[in-house]
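For reference, final27.cif is printed below; it contains mmCIF, C-alpha atoms.
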data_query
loop_
_atom_site.group_PDB
_atom_site.id
_atom_site.type_symbol
_atom_site.label_atom_id
_atom_site.label_comp_id
_atom_site.auth_asym_id
_atom_site.auth_seq_id
_atom_site.Cartn_x
_atom_site.Cartn_y
_atom_site.Cartn_z
ATOM 1 C CA MET A 858 104.043 116.693 113.292
ATOM 2 C CA LEU A 859 105.280 116.291 109.756
ATOM 3 C CA TRP A 860 102.663 118.401 108.057
ATOM 4 C CA GLU A 861 103.652 121.379 110.187
ATOM 5 C CA THR A 862 107.191 121.304 108.868
ATOM 6 C CA LEU A 863 106.332 120.308 105.339
ATOM 7 C CA SER A 864 106.893 123.137 102.891
ATOM 8 C CA LYS A 865 105.101 123.126 99.569
ATOM 9 C CA GLU A 866 108.483 123.118 97.932
ATOM 10 C CA LEU A 867 109.101 119.587 99.172
ATOM 11 C CA VAL A 868 105.796 118.265 97.940
ATOM 12 C CA PHE A 869 105.434 117.141 94.344
ATOM 13 C CA SER A 870 102.050 116.339 92.906
ATOM 14 C CA ASP A 871 101.930 114.486 89.611
ATOM 15 C CA LEU A 872 105.687 114.293 89.307
ATOM 16 C CA ASP A 873 106.170 113.436 85.651
ATOM 17 C CA VAL A 874 109.151 111.094 85.473
ATOM 18 C CA SER A 875 109.761 107.800 83.749
ATOM 19 C CA LYS A 876 112.644 106.275 85.686
ATOM 20 C CA ARG A 877 114.031 105.975 89.182
ATOM 21 C CA ASP A 878 117.032 108.199 88.594
ATOM 22 C CA ASP A 879 114.722 111.029 87.512
ATOM 23 C CA VAL A 880 112.870 110.675 90.812
ATOM 24 C CA PHE A 881 116.155 110.915 92.728
ATOM 25 C CA GLU A 882 117.368 113.893 90.720
ATOM 26 C CA THR A 883 114.182 115.947 90.811
ATOM 27 C CA MET A 884 113.328 115.404 94.477
ATOM 28 C CA GLY A 885 116.954 115.196 95.614
ATOM 29 C CA SER A 886 117.948 118.512 94.026
ATOM 30 C CA LYS A 887 115.157 120.191 95.916
ATOM 31 C CA LEU A 888 116.439 118.802 99.216
ATOM 32 C CA VAL A 889 119.954 119.914 98.264
ATOM 33 C CA GLY A 890 118.789 123.330 97.030
ATOM 34 C CA LEU A 891 116.864 124.036 100.242
ATOM 35 C CA GLY A 892 119.894 123.152 102.338
ATOM 36 C CA TYR A 893 118.634 119.902 103.863
ATOM 37 C CA CYS A 894 121.220 117.786 102.055
ATOM 38 C CA LYS A 895 124.748 118.087 100.749
ATOM 39 C CA SER A 896 125.439 117.989 97.033
ATOM 40 C CA THR A 897 126.674 114.396 97.397
ATOM 41 C CA TYR A 898 123.193 113.269 98.483
ATOM 42 C CA ILE A 899 121.767 112.459 95.055
ATOM 43 C CA GLU A 900 124.612 110.180 93.948
ATOM 44 C CA ALA A 901 124.634 108.517 97.356
ATOM 45 C CA LEU A 902 120.895 107.955 97.082
ATOM 46 C CA LYS A 903 121.223 106.314 93.665
ATOM 47 C CA ASN A 904 124.054 104.051 94.792
ATOM 48 C CA ARG A 905 122.262 103.072 97.976
ATOM 49 C CA GLU A 906 119.099 102.148 96.111
ATOM 50 C CA LEU A 907 121.087 99.785 93.877
ATOM 51 C CA ILE A 908 122.384 97.852 96.887
ATOM 52 C CA PHE A 909 119.560 98.310 99.420
ATOM 53 C CA PRO A 910 116.357 98.981 97.486
ATOM 54 C CA THR A 911 113.347 100.628 99.149
ATOM 55 C CA GLY A 912 110.206 99.634 97.235
ATOM 56 C CA LEU A 913 107.283 98.611 99.464
ATOM 57 C CA ASP A 914 103.948 97.108 98.569
ATOM 58 C CA VAL A 915 101.508 98.575 101.070
ATOM 59 C CA ASN A 916 98.327 96.628 100.443
ATOM 60 C CA GLY A 917 98.499 97.149 96.698
ATOM 61 C CA ILE A 918 99.861 100.692 96.716
ATOM 62 C CA GLY A 919 103.519 100.970 95.716
ATOM 63 C CA VAL A 920 105.546 103.203 98.023
ATOM 64 C CA ALA A 921 109.276 103.882 98.007
ATOM 65 C CA ILE A 922 111.291 105.401 100.828
ATOM 66 C CA PRO A 923 114.701 106.174 99.296
ATOM 67 C CA HIS A 924 117.328 107.352 101.797
ATOM 68 C CA THR A 925 121.032 107.185 102.426
ATOM 69 C CA ASP A 926 123.765 107.645 105.027
ATOM 70 C CA PRO A 927 123.625 110.653 107.376
ATOM 71 C CA GLU A 928 126.949 112.067 106.192
ATOM 72 C CA HIS A 929 125.159 113.371 103.081
ATOM 73 C CA VAL A 930 122.469 115.103 105.117
ATOM 74 C CA GLU A 931 122.433 118.441 106.960
ATOM 75 C CA LYS A 932 119.074 118.164 108.715
ATOM 76 C CA ASN A 933 116.088 115.847 108.843
ATOM 77 C CA ALA A 934 113.502 116.296 106.141
ATOM 78 C CA VAL A 935 111.100 114.379 103.998
ATOM 79 C CA ALA A 936 110.143 115.162 100.415
ATOM 80 C CA ILE A 937 106.908 113.643 99.183
ATOM 81 C CA ALA A 938 105.855 112.915 95.634
ATOM 82 C CA LYS A 939 102.865 111.456 93.991
ATOM 83 C CA LEU A 940 104.082 110.143 90.649
ATOM 84 C CA LYS A 941 102.082 110.812 87.510
ATOM 85 C CA ASN A 942 103.007 107.393 86.143
ATOM 86 C CA LYS A 943 104.164 104.481 88.248
ATOM 87 C CA VAL A 944 107.919 103.887 88.351
ATOM 88 C CA ASP A 945 109.404 100.497 89.166
ATOM 89 C CA PHE A 946 111.515 100.201 92.307
ATOM 90 C CA ILE A 947 113.183 97.019 93.512
ATOM 91 C CA ALA A 948 111.453 95.566 96.585
ATOM 92 C CA MET A 949 113.028 96.255 99.957
ATOM 93 C CA ALA A 950 115.007 93.451 101.610
ATOM 94 C CA THR A 951 115.361 91.505 98.372
ATOM 95 C CA ASP A 952 118.483 90.828 96.352
ATOM 96 C CA PRO A 953 118.516 93.386 93.481
ATOM 97 C CA LYS A 954 119.792 90.584 91.221
ATOM 98 C CA ASP A 955 116.421 88.841 91.574
ATOM 99 C CA ASN A 956 114.786 91.961 90.115
ATOM 100 C CA ILE A 957 111.616 91.787 92.195
ATOM 101 C CA THR A 958 109.963 95.121 91.479
ATOM 102 C CA VAL A 959 107.168 97.207 92.958
ATOM 103 C CA PRO A 960 105.324 99.716 90.724
ATOM 104 C CA VAL A 961 105.566 102.835 92.871
ATOM 105 C CA SER A 962 102.983 105.633 93.007
ATOM 106 C CA VAL A 963 104.093 107.499 96.135
ATOM 107 C CA VAL A 964 107.646 108.413 97.159
ATOM 108 C CA PHE A 965 108.739 109.517 100.619
ATOM 109 C CA MET A 966 112.327 110.629 100.174
ATOM 110 C CA LEU A 967 114.046 110.725 103.529
ATOM 111 C CA ALA A 968 116.900 112.944 104.581
ATOM 112 C CA VAL A 969 118.071 111.404 107.840
ATOM 113 C CA SER A 970 120.739 113.333 109.699
ATOM 114 C CA GLY A 971 121.443 110.800 112.412
ATOM 115 C CA GLY A 972 120.632 113.088 115.336
ATOM 116 C CA LYS A 973 117.197 113.010 116.897
ATOM 117 C CA HIS A 974 115.614 111.348 113.922
ATOM 118 C CA ILE A 975 113.770 108.333 115.265
ATOM 119 C CA GLU A 976 110.555 110.124 116.120
ATOM 120 C CA PHE A 977 110.623 111.841 112.744
ATOM 121 C CA LEU A 978 111.136 108.523 110.953
ATOM 122 C CA GLN A 979 108.347 106.892 112.903
ATOM 123 C CA ARG A 980 105.972 109.646 111.825
ATOM 124 C CA VAL A 981 106.789 109.009 108.180
ATOM 125 C CA ILE A 982 106.344 105.265 108.619
ATOM 126 C CA LEU A 983 103.067 105.706 110.523
ATOM 127 C CA LEU A 984 101.845 107.832 107.669
ATOM 128 C CA LEU A 985 102.585 105.197 105.055
ATOM 129 C CA GLN A 986 100.827 102.645 107.268
ATOM 130 C CA ASN A 987 97.687 104.763 107.152
ATOM 131 C CA GLN A 988 95.812 103.042 104.326
ATOM 132 C CA GLN A 989 93.205 105.729 103.970
ATOM 133 C CA ALA A 990 95.703 108.573 103.767
ATOM 134 C CA LEU A 991 97.804 106.614 101.308
ATOM 135 C CA SER A 992 94.957 105.900 98.935
ATOM 136 C CA GLN A 993 93.950 109.571 99.087
ATOM 137 C CA LEU A 994 97.525 110.595 98.299
ATOM 138 C CA VAL A 995 97.451 108.523 95.129
ATOM 139 C CA ASN A 996 94.470 110.544 93.910
ATOM 140 C CA ALA A 997 95.539 113.938 95.209
ATOM 141 C CA SER A 998 95.923 116.947 92.991
ATOM 142 C CA GLY A 999 98.181 119.766 94.059
ATOM 143 C CA PRO A 1000 100.624 120.166 96.960
ATOM 144 C CA GLU A 1001 98.020 121.810 99.219
ATOM 145 C CA GLU A 1002 95.772 118.779 98.991
ATOM 146 C CA ILE A 1003 98.709 116.464 99.696
ATOM 147 C CA ILE A 1004 99.683 118.440 102.807
ATOM 148 C CA ASN A 1005 96.062 118.457 103.894
ATOM 149 C CA ILE A 1006 95.764 114.678 103.536
ATOM 150 C CA ILE A 1007 98.947 114.269 105.564
ATOM 151 C CA ARG A 1008 97.633 116.631 108.247
ATOM 152 C CA LYS A 1009 94.407 114.650 108.564
ATOM 153 C CA GLY A 1010 96.251 111.341 108.471
ATOM 154 C CA GLU A 1011 98.567 112.439 111.267
ATOM 155 C CA MET A 1012 95.635 113.657 113.353
ATOM 156 C CA GLU A 1013 94.043 110.225 113.000
ATOM 157 C CA ASN A 1014 97.305 108.492 113.883
ATOM 158 C CA GLU A 1015 97.594 110.703 116.937
ATOM 159 C CA ASN A 1016 94.168 109.553 118.099
ATOM 160 C CA LEU A 1017 94.900 105.856 117.745
ATOM 161 C CA MET B 245 114.611 86.115 133.855
ATOM 162 C CA ARG B 246 116.869 86.180 130.847
ATOM 163 C CA ILE B 247 117.240 89.108 128.495
ATOM 164 C CA TYR B 248 116.563 88.339 124.858
ATOM 165 C CA LYS B 249 118.951 89.868 122.374
ATOM 166 C CA ILE B 250 117.685 90.884 118.946
ATOM 167 C CA LEU B 251 119.743 92.367 116.160
ATOM 168 C CA SER B 252 117.891 94.644 113.724
ATOM 169 C CA ALA B 253 119.585 95.299 110.387
ATOM 170 C CA CYS B 254 118.967 97.746 107.545
ATOM 171 C CA GLY B 255 121.053 99.433 104.870
ATOM 172 C CA THR B 256 122.140 102.451 106.900
ATOM 173 C CA GLY B 257 121.713 100.979 110.375
ATOM 174 C CA ILE B 258 119.830 104.099 111.470
ATOM 175 C CA ALA B 259 116.680 104.260 109.355
ATOM 176 C CA THR B 260 114.255 101.399 108.816
ATOM 177 C CA SER B 261 116.058 99.159 111.328
ATOM 178 C CA THR B 262 115.356 101.647 114.124
ATOM 179 C CA VAL B 263 111.681 101.840 113.201
ATOM 180 C CA ALA B 264 111.483 98.039 112.984
ATOM 181 C CA ALA B 265 113.304 97.727 116.315
ATOM 182 C CA GLU B 266 110.868 100.084 118.072
ATOM 183 C CA LYS B 267 107.864 98.301 116.629
ATOM 184 C CA CYS B 268 109.329 94.912 117.563
ATOM 185 C CA ARG B 269 110.030 96.070 121.112
ATOM 186 C CA SER B 270 106.504 97.342 121.707
ATOM 187 C CA LEU B 271 104.740 94.379 120.107
ATOM 188 C CA LEU B 272 106.840 91.885 122.074
ATOM 189 C CA LYS B 273 106.048 93.795 125.250
ATOM 190 C CA GLU B 274 102.338 93.315 124.497
ATOM 191 C CA ARG B 275 103.117 89.622 124.314
ATOM 192 C CA GLY B 276 104.698 89.554 127.733
ATOM 193 C CA ILE B 277 108.306 89.728 126.589
ATOM 194 C CA ARG B 278 109.705 92.776 128.327
ATOM 195 C CA ASP B 279 113.346 92.043 128.819
ATOM 196 C CA ILE B 280 114.732 92.593 125.373
ATOM 197 C CA ASP B 281 117.763 94.277 124.027
ATOM 198 C CA VAL B 282 117.344 95.355 120.415
ATOM 199 C CA ILE B 283 120.480 96.629 118.711
ATOM 200 C CA GLU B 284 120.414 98.247 115.269
ATOM 201 C CA CYS B 285 123.163 97.685 112.756
ATOM 202 C CA LYS B 286 124.106 98.052 109.116
ATOM 203 C CA ALA B 287 123.342 95.112 106.870
ATOM 204 C CA LEU B 288 126.975 95.092 105.714
ATOM 205 C CA GLU B 289 128.170 94.621 109.300
ATOM 206 C CA ILE B 290 125.683 91.943 110.237
ATOM 207 C CA ALA B 291 128.014 88.948 110.226
ATOM 208 C CA SER B 292 130.583 90.524 112.551
ATOM 209 C CA LYS B 293 127.909 92.073 114.796
ATOM 210 C CA ALA B 294 126.113 88.751 115.092
ATOM 211 C CA GLU B 295 129.339 87.016 116.031
ATOM 212 C CA MET B 296 130.061 89.637 118.680
ATOM 213 C CA MET B 297 126.571 89.857 120.128
ATOM 214 C CA ASN B 298 125.335 86.310 119.650
ATOM 215 C CA PRO B 299 121.702 87.405 119.322
ATOM 216 C CA ASP B 300 118.664 85.174 119.880
ATOM 217 C CA CYS B 301 117.357 86.261 116.504
ATOM 218 C CA ILE B 302 117.811 88.796 113.746
ATOM 219 C CA ILE B 303 115.171 90.983 112.123
ATOM 220 C CA TYR B 304 116.056 92.656 108.829
ATOM 221 C CA THR B 305 114.688 95.275 106.444
ATOM 222 C CA ALA B 306 117.582 95.088 103.991
ATOM 223 C CA GLU B 307 119.044 92.058 102.320
ATOM 224 C CA ILE B 308 121.567 90.291 104.564
ATOM 225 C CA PRO B 309 123.949 87.392 103.841
ATOM 226 C CA LEU B 310 121.849 84.641 105.449
ATOM 227 C CA LYS B 311 124.441 81.968 104.724
ATOM 228 C CA LYS B 312 127.042 83.725 106.858
ATOM 229 C CA LEU B 313 124.807 83.752 109.908
ATOM 230 C CA GLY B 314 124.984 80.086 110.788
ATOM 231 C CA ASN B 315 122.090 78.875 112.875
ATOM 232 C CA ILE B 316 120.778 82.221 114.028
ATOM 233 C CA LYS B 317 117.054 82.517 113.399
ATOM 234 C CA THR B 318 116.214 85.388 111.035
ATOM 235 C CA PHE B 319 112.961 87.194 110.297
ATOM 236 C CA ARG B 320 112.385 89.451 107.290
ATOM 237 C CA ALA B 321 110.605 92.312 109.004
ATOM 238 C CA LEU B 322 108.999 94.498 106.340
ATOM 239 C CA GLN B 323 105.731 93.966 108.221
ATOM 240 C CA PHE B 324 107.071 96.326 110.890
ATOM 241 C CA ILE B 325 107.496 99.003 108.210
ATOM 242 C CA THR B 326 104.296 98.597 106.194
ATOM 243 C CA GLY B 327 102.239 97.620 109.248
ATOM 244 C CA ILE B 328 100.612 94.842 107.262
ATOM 245 C CA GLY B 329 101.056 91.536 109.055
ATOM 246 C CA ALA B 330 102.995 93.165 111.915
ATOM 247 C CA GLU B 331 100.925 91.455 114.616
ATOM 248 C CA SER B 332 101.395 87.980 113.206
ATOM 249 C CA LEU B 333 105.121 88.519 112.706
ATOM 250 C CA ALA B 334 105.346 89.594 116.362
ATOM 251 C CA ASP B 335 103.451 86.416 117.315
ATOM 252 C CA GLU B 336 105.997 84.378 115.395
ATOM 253 C CA ILE B 337 109.002 86.097 116.993
ATOM 254 C CA ALA B 338 107.464 85.847 120.471
ATOM 255 C CA ALA B 339 106.747 82.140 120.012
ATOM 256 C CA TYR B 340 110.293 81.568 118.812
ATOM 257 C CA LEU B 341 111.855 83.428 121.751
ATOM 258 C CA LYS B 342 109.653 81.589 124.253
ATOM 259 C CA SER B 343 110.590 78.272 122.658
ATOM 260 C CA LEU B 344 114.250 78.982 123.453
ATOM 261 C CA ASP B 345 113.520 78.733 127.180
ATOM 262 C CA ASN B 346 112.423 75.146 126.834
ATOM 263 C CA LYS B 347 115.660 74.022 125.289
#
Go through the file and emit its structure as structure tokens.
Amino acid sequence: MLWETLSKELVFSDLDVSKRDDVFETMGSKLVGLGYCKSTYIEALKNRELIFPTGLDVNGIGVAIPHTDPEHVEKNAVAIAKLKNKVDFIAMATDPKDNITVPVSVVFMLAVSGGKHIEFLQRVILLLQNQQALSQLVNASGPEEIINIIRKGEMENENL
Amino acid sequence: MRIYKILSACGTGIATSTVAAEKCRSLLKERGIRDIDVIECKALEIASKAEMMNPDCIIYTAEIPLKKLGNIKTFRALQFITGIGAESLADEIAAYLKSLDNK
């Protein structure tokens, strides 16, 4: 499960940023620094978000799942952040020109390597579909609590 | 029994489209539609893929050029990602696919 592989280094509580690019740089450099992604990942992430945005409104909680092509990734990983202040992302599957935004509180940054990644992706998506876990994440303080919420959320999902 | 062909598109062709495809497959199965072929693709390749594959419908989680897709029925499928409204979207797709048999 995700929580088992989630290191505290990839979990950000109260990430204090004011714009999207800061989100990409702070979380992305961690993924690059820990060897999950190549140095090209951050730029690729920014460019991808401009064309194919990833903001999602999950029953009133703004979630973004930025990701990019597998050639910028070494191995599957997810970095998770709870943002101190909401940051606007463009809504997924809309034309960026229409500027339909979602105020995002939780970011799941995906590093998708293209190999056996479907199960891993489904776990992340199941987690964001877990309303209870998501609303707890928004109020979490500290990486340990975030990992704990994810652990519980995944246990519940497993029992569905 | 015919096999329904569905094209699932997202930005990378390997991320949200695969999750949407899986969800679509299992929800359609629950609705008695078992013979389906769901192919994932990149949003940028959708027009050429659609021409090649001639799908019964398209589901998408990234913006696609709807005007270039002619008469192919399309469904915006964020419900399969957020989970909210997934059942009713599956109802809609299932009803559409079943309606094709009567034509």
* So what does the PyMOL selection byres ((chain B) within 9 of (chain A)) actually pick up in this one, as a list in words? ->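 This file, filtered by the PyMOL selection byres ((chain B) within 9 of (chain A)), leaves Cys254, Gly255, Thr256, Gly257, Ile258, Ala259, Thr260, Thr262, Val263, Glu266, Ala287, Tyr304, Thr305, Ala306, Glu307, Ile308, Arg320, Ala321, Leu322, Ile325, Thr326, Gly327 and Ile328 of chain B.
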Here atom CA of A:Pro923 and atom CA of A:Thr862 stand apart by 19.4 Å
Evaluate the PyMOL selection byres ((chain B and resi 302) around 12) against this structure - the residues, as a PyMOL selection string, please.
chain B and resi 248-254+261+264-265+268+281-285+287+290-291+293-295+297-301+303-310+313-321+337+340-341
What separates atom CA of B:Glu336 and atom CA of A:Ile957 is a distance of 25.0 Å
**Request:** Might you spell out which residues the PyMOL selection byres ((chain A and resi 931) around 10) would select in the displayed file, as a VMD selection string?
**Result:** chain A and resid 888 to 889 892 to 895 898 927 to 930 932 to 934 968 to 971
Expressed in Å, the length from atom CA of A:Gln989 to atom CA of A:Lys939 is 15.0 Å
Q: Quick one: everything within 10 Å of A:Met858, counting all atoms listed in the file, minus sequence neighbours fewer than 4 positions away in the same chain. Send it as a list in words.
A: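 Neighbouring residues, sequence-local ones excluded: Thr862, Leu863, Glu976, Phe977, Arg980, Val981, Ile1007, Arg1008, Glu1011, Met1012 and Glu1015 of chain A.
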Just need the box for stretch 908-912 of chain A, edges along x, y and z, holding every atom the file lists for it with 4 Å tacked onto each side, so centre and edge lengths in Å to one decimal, as JSON.
{"center_x": 116.3, "center_y": 99.2, "center_z": 98.2, "size_x": 20.2, "size_y": 10.8, "size_z": 10.5}
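Among the candidate residues A:Ala997, A:Leu907, A:Ala990, A:Met966, the one lying nearest to A:Lys954 is A:Leu907, with distances computed using all atoms listed in the file.
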Nearest to B:Ile277 among B:Ile247, B:Ser332, B:Asp345, B:Gln323, with distances taken over only C-alpha atoms: which residue is it?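 Answer, going by the shortest atom-to-atom distance: B:Ile247.
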Using all atoms listed in the file, the shortest atom-to-atom distance to A:Ile899 among A:Ser886, A:Ser998, A:Ser864, A:Asn1005 belongs to A:Ser886
- Task: In the coordinates of the file, take the point (113.6, 112.1, 94.2) and a cut-off of 8 Å; then, counting only C-alpha atoms, name each qualifying protein, DNA or RNA residue as a PyMOL selection string.
- Result: chain A and resi 877-886+923+936+938+964+966
